[in-house]
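Structure, as structure tokens:
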Amino acid sequence: MSTDFKALTVKKYPRLPGRKTSESRYWRKFKSPIVVKEFAAVSSIHFSETSPYDFAVTASTRVQIYSSKTHQVKKTISRFKDVAYSGTIRADGRLVVAGDATGLIQIFDVGSRAILRTFRDHRHPVHVAKFSSDKTQILSASDDKTVRIWDMPSETPLTIFTGHDDYIRTGMVSHDNPHLILSGSYDQTVKLWDMRTQGCVMTMNHGAPVECVEMFPDGGVVVAAGGPFLKVFDILAGGRPMHSLSNHQKTVTSMCFDHSHSRLLTGSLDQHVKVYNVQDYSVVHSVKYPAPVMSVALSPDDTHLVAGMAGGLLSIRQRVVKTAEVQTRRAQEEQIRGGSYKYFVRGQKAAGEGDFTVESQKKRRLREYDRYLKAFQYGNALDACLRTNQPAVTTVSLIQELVHRDGLRQALSGRDDISLEPLAQFLVRNINNPRYTSLLVDVTMIMIDMYTAVLGQSPLIDELFMRLRAKVKLEIAFQKQLLSVVGSMEMLFAKSTSTSVGIAAHNELASTSNGAGNNGASNGGVVHAKSSSSSTSETALSSSLSTIQSSTKAY
């Protein structure tokens, strides 16, 4: 039975870690920030969950709806008697709810800006006003130390939770279970409430006044922000603290997740927005802003990063999305997940009867040099690699493969000046690279041995050989300087060793003297090892230079 041809394996050399990682490159794509000046501090930003993902900005006594396409204000809702808080858009994008400093909660129609419902039972400022996942209930939390669930049609409270001892400034409804409510208070606790039991089922101590809470979609993990640090709690383990993070210098004021809930963004009064990887909660990126950050939000399609600041500035950063990324995300959203509600009910986008999905495997196409290797045409493989401007490491890997196949001489033989030119140019460019020197010196020796008799017949090849000779000569001079530095280091190590031995003898500490001698010997061993390596490289280059010189003198 025939087996598939194994493509050329490109050798990987160790690389120094760069400053720019894939994460930083991704988040740096959020550029060209648009800065808008509001009348007061921007206390809340919330994105609609439906396309085109407009967002509500709450500042002073108004809530403004911004367009995510034009970044201009589409609607302004200013029917508040005092400072407005927590303007939130419902999942369908048709309604907006907001609280204010008088304790009033109002629901507005986005299109007409008309007041549809008003809730008046709170007697202190309402800093939390959000829609529940069932779209007919409202969550509110106030400085009167209560958390309330309201019924929208009847404008009456369904449940009133009491148990906090200070102002409640954050809260949310679980995405996984609408009966579970999470709240954070200035009494330094995070509480989990259950509407079915009408009470608190879990209390977690944060250790600082809680400014913001977030819950993962599965409802198993909670992240709380308060003071300059974050705490991660495991709900399934009874509220056990999992992580405590302190990467900000001042109070963390807001948090949000990205679309996949794999990254957590935090905004702080230290004028930074930091991005965490939720796998290990390491900071993968940081953005500096000109003023303390009061609120931060990321659009559901991960294309807009909006931050509101204490001075009234609103920063809008946009990331340009490629068409392929949009199509991939759309396909993922349309795919029915096994075990989901849609999987069992079978919506209109479901597969046909039988419900079998066969993944098509694309046939792997070999590169041109791999096809020649497969056919044992070694010369053509080397020419294809040099002709297509492959990275130097690919060409070196191909040469190593030819050495293993005992086909290097076959690949180099039978060449005229035109076919020999690319190889000679490659050797001139890379022979002084310490990663490839030992191999390319051997290739140079073989090539000179094969073509010494025809030197002087092609001015182009003669010029390349002279350039190669100059390059090797320059590298040898550099190696000699390196050996001189190593020799100086040996003298310094020998001097320090003799000094330590003399002091040890003077103090009559034989054991210390022996230890110092051993340390000196080990240091000397390191230097000798480096010296030996440099000597080997210089010997190889000198041999290559002498061969080139003897060849060039022949004509």
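Starting from 1 in every chain, residues are counted up; chains themselves are A, B, ... following the order of the structure tokens, and ligands are numbered from 1 as listed.
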
Set out as a tab-separated table a contact list for region 210-329 of chain A and region 167-180 of chain A with a cut-off of 8 Å, giving each residue of region 210-329 of chain A that qualifies its closest atom pair and distance in Å to one decimal, counting only C-alpha atoms, ordered by chain and rising residue number.
residue	atom	partner	partner_atom	distance
A:Val210	CA	A:Arg169	CA	7.4
A:Glu211	CA	A:Arg169	CA	6.1
A:Cys212	CA	A:Thr170	CA	5.2
A:Val213	CA	A:Thr170	CA	6.4
A:Glu214	CA	A:Met172	CA	7.4
A:Met215	CA	A:Ser174	CA	6.9
A:Pro217	CA	A:His175	CA	5.6
A:Asp218	CA	A:Asp176	CA	5.7
A:Gly219	CA	A:Asp176	CA	5.9

- Message: List the spatial neighbours of Gln137 (chain A) as a PyMOL selection string - criterion: any atom at most 7 Å away, only C-alpha atoms, same-chain residues fewer than 4 positions off excluded.
- Response: chain A and resi 131-132+149-152

Restricted to all heavy atoms, what would the selected residues look like written as an mmCIF file, in the first residue's frame?
data_model
loop_
_atom_site.group_PDB
_atom_site.id
_atom_site.type_symbol
_atom_site.label_atom_id
_atom_site.label_comp_id
_atom_site.auth_asym_id
_atom_site.auth_seq_id
_atom_site.Cartn_x
_atom_site.Cartn_y
_atom_site.Cartn_z
ATOM 1 N N PHE A 131 -32.475 44.868 31.525
ATOM 2 C CA PHE A 131 -33.521 43.939 31.113
ATOM 3 C C PHE A 131 -33.117 42.524 31.488
ATOM 4 O O PHE A 131 -31.934 42.148 31.402
ATOM 5 C CB PHE A 131 -33.750 44.015 29.611
ATOM 6 C CG PHE A 131 -34.435 45.276 29.158
ATOM 7 C CD1 PHE A 131 -33.703 46.336 28.654
ATOM 8 C CD2 PHE A 131 -35.810 45.409 29.255
ATOM 9 C CE1 PHE A 131 -34.322 47.503 28.240
ATOM 10 C CE2 PHE A 131 -36.447 46.571 28.842
ATOM 11 C CZ PHE A 131 -35.699 47.620 28.342
ATOM 12 N N SER A 132 -34.097 41.741 31.879
ATOM 13 C CA SER A 132 -33.862 40.319 32.119
ATOM 14 C C SER A 132 -33.820 39.585 30.790
ATOM 15 O O SER A 132 -34.226 40.118 29.746
ATOM 16 C CB SER A 132 -34.965 39.749 33.013
ATOM 17 O OG SER A 132 -34.766 38.364 33.230
ATOM 18 N N ILE A 149 -36.879 43.043 41.168
ATOM 19 C CA ILE A 149 -37.265 42.508 39.867
ATOM 20 C C ILE A 149 -38.671 43.017 39.578
ATOM 21 O O ILE A 149 -39.603 42.773 40.345
ATOM 22 C CB ILE A 149 -37.217 40.978 39.834
ATOM 23 C CG1 ILE A 149 -35.815 40.473 40.204
ATOM 24 C CG2 ILE A 149 -37.626 40.460 38.461
ATOM 25 C CD1 ILE A 149 -34.737 40.867 39.227
ATOM 26 N N TRP A 150 -38.817 43.701 38.430
ATOM 27 C CA TRP A 150 -40.084 44.335 38.082
ATOM 28 C C TRP A 150 -40.753 43.593 36.923
ATOM 29 O O TRP A 150 -40.088 43.079 36.024
ATOM 30 C CB TRP A 150 -39.861 45.789 37.657
ATOM 31 C CG TRP A 150 -39.153 46.638 38.657
ATOM 32 C CD1 TRP A 150 -37.819 46.735 38.867
ATOM 33 C CD2 TRP A 150 -39.754 47.526 39.599
ATOM 34 N NE1 TRP A 150 -37.530 47.618 39.861
ATOM 35 C CE2 TRP A 150 -38.705 48.137 40.341
ATOM 36 C CE3 TRP A 150 -41.078 47.884 39.896
ATOM 37 C CZ2 TRP A 150 -38.939 49.063 41.342
ATOM 38 C CZ3 TRP A 150 -41.309 48.813 40.895
ATOM 39 C CH2 TRP A 150 -40.251 49.394 41.605
ATOM 40 N N ASP A 151 -42.076 43.596 36.967
ATOM 41 C CA ASP A 151 -42.867 43.080 35.854
ATOM 42 C C ASP A 151 -43.237 44.260 34.961
ATOM 43 O O ASP A 151 -43.905 45.214 35.402
ATOM 44 C CB ASP A 151 -44.129 42.392 36.364
ATOM 45 C CG ASP A 151 -44.987 41.856 35.236
ATOM 46 O OD1 ASP A 151 -44.465 41.058 34.439
ATOM 47 O OD2 ASP A 151 -46.174 42.261 35.136
ATOM 48 N N MET A 152 -42.812 44.241 33.715
ATOM 49 C CA MET A 152 -43.012 45.380 32.825
ATOM 50 C C MET A 152 -44.485 45.671 32.531
ATOM 51 O O MET A 152 -44.910 46.831 32.608
ATOM 52 C CB MET A 152 -42.240 45.162 31.508
ATOM 53 C CG MET A 152 -40.743 45.287 31.635
ATOM 54 S SD MET A 152 -39.869 44.915 30.097
ATOM 55 C CE MET A 152 -40.713 45.976 28.945
#

- Message: If DSSP is run on the backbone, what residues of region 46-185 of chain A are strand (DSSP E)? A reply as a ChimeraX atom specification would be ideal.
- Response: /A:46-47,55-59,62-66,73-77,84-89,95-100,105-109,115-119,126-131,137-142,146-151,156-162,168-173,180-185

- Pick the closest to Lys20 (chain A) from A:Ile476, A:Gly407, A:Ser496, A:Val284: which is it, counting only C-alpha atoms? A:Val284

- Record the distance separating CA of Val320 (chain A) and CA of Thr70 (chain A), expressed in Å with one decimal.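 Pair CA of Val320 (chain A) / CA of Thr70 (chain A) returns 13.9 Å.
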
- Query: What is the CA of Lys11 (chain A) to CA of Val393 (chain A) distance in Å?
  - Reply: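 We find that CA of Lys11 (chain A) and CA of Val393 (chain A) lie 6.9 Å from each other.
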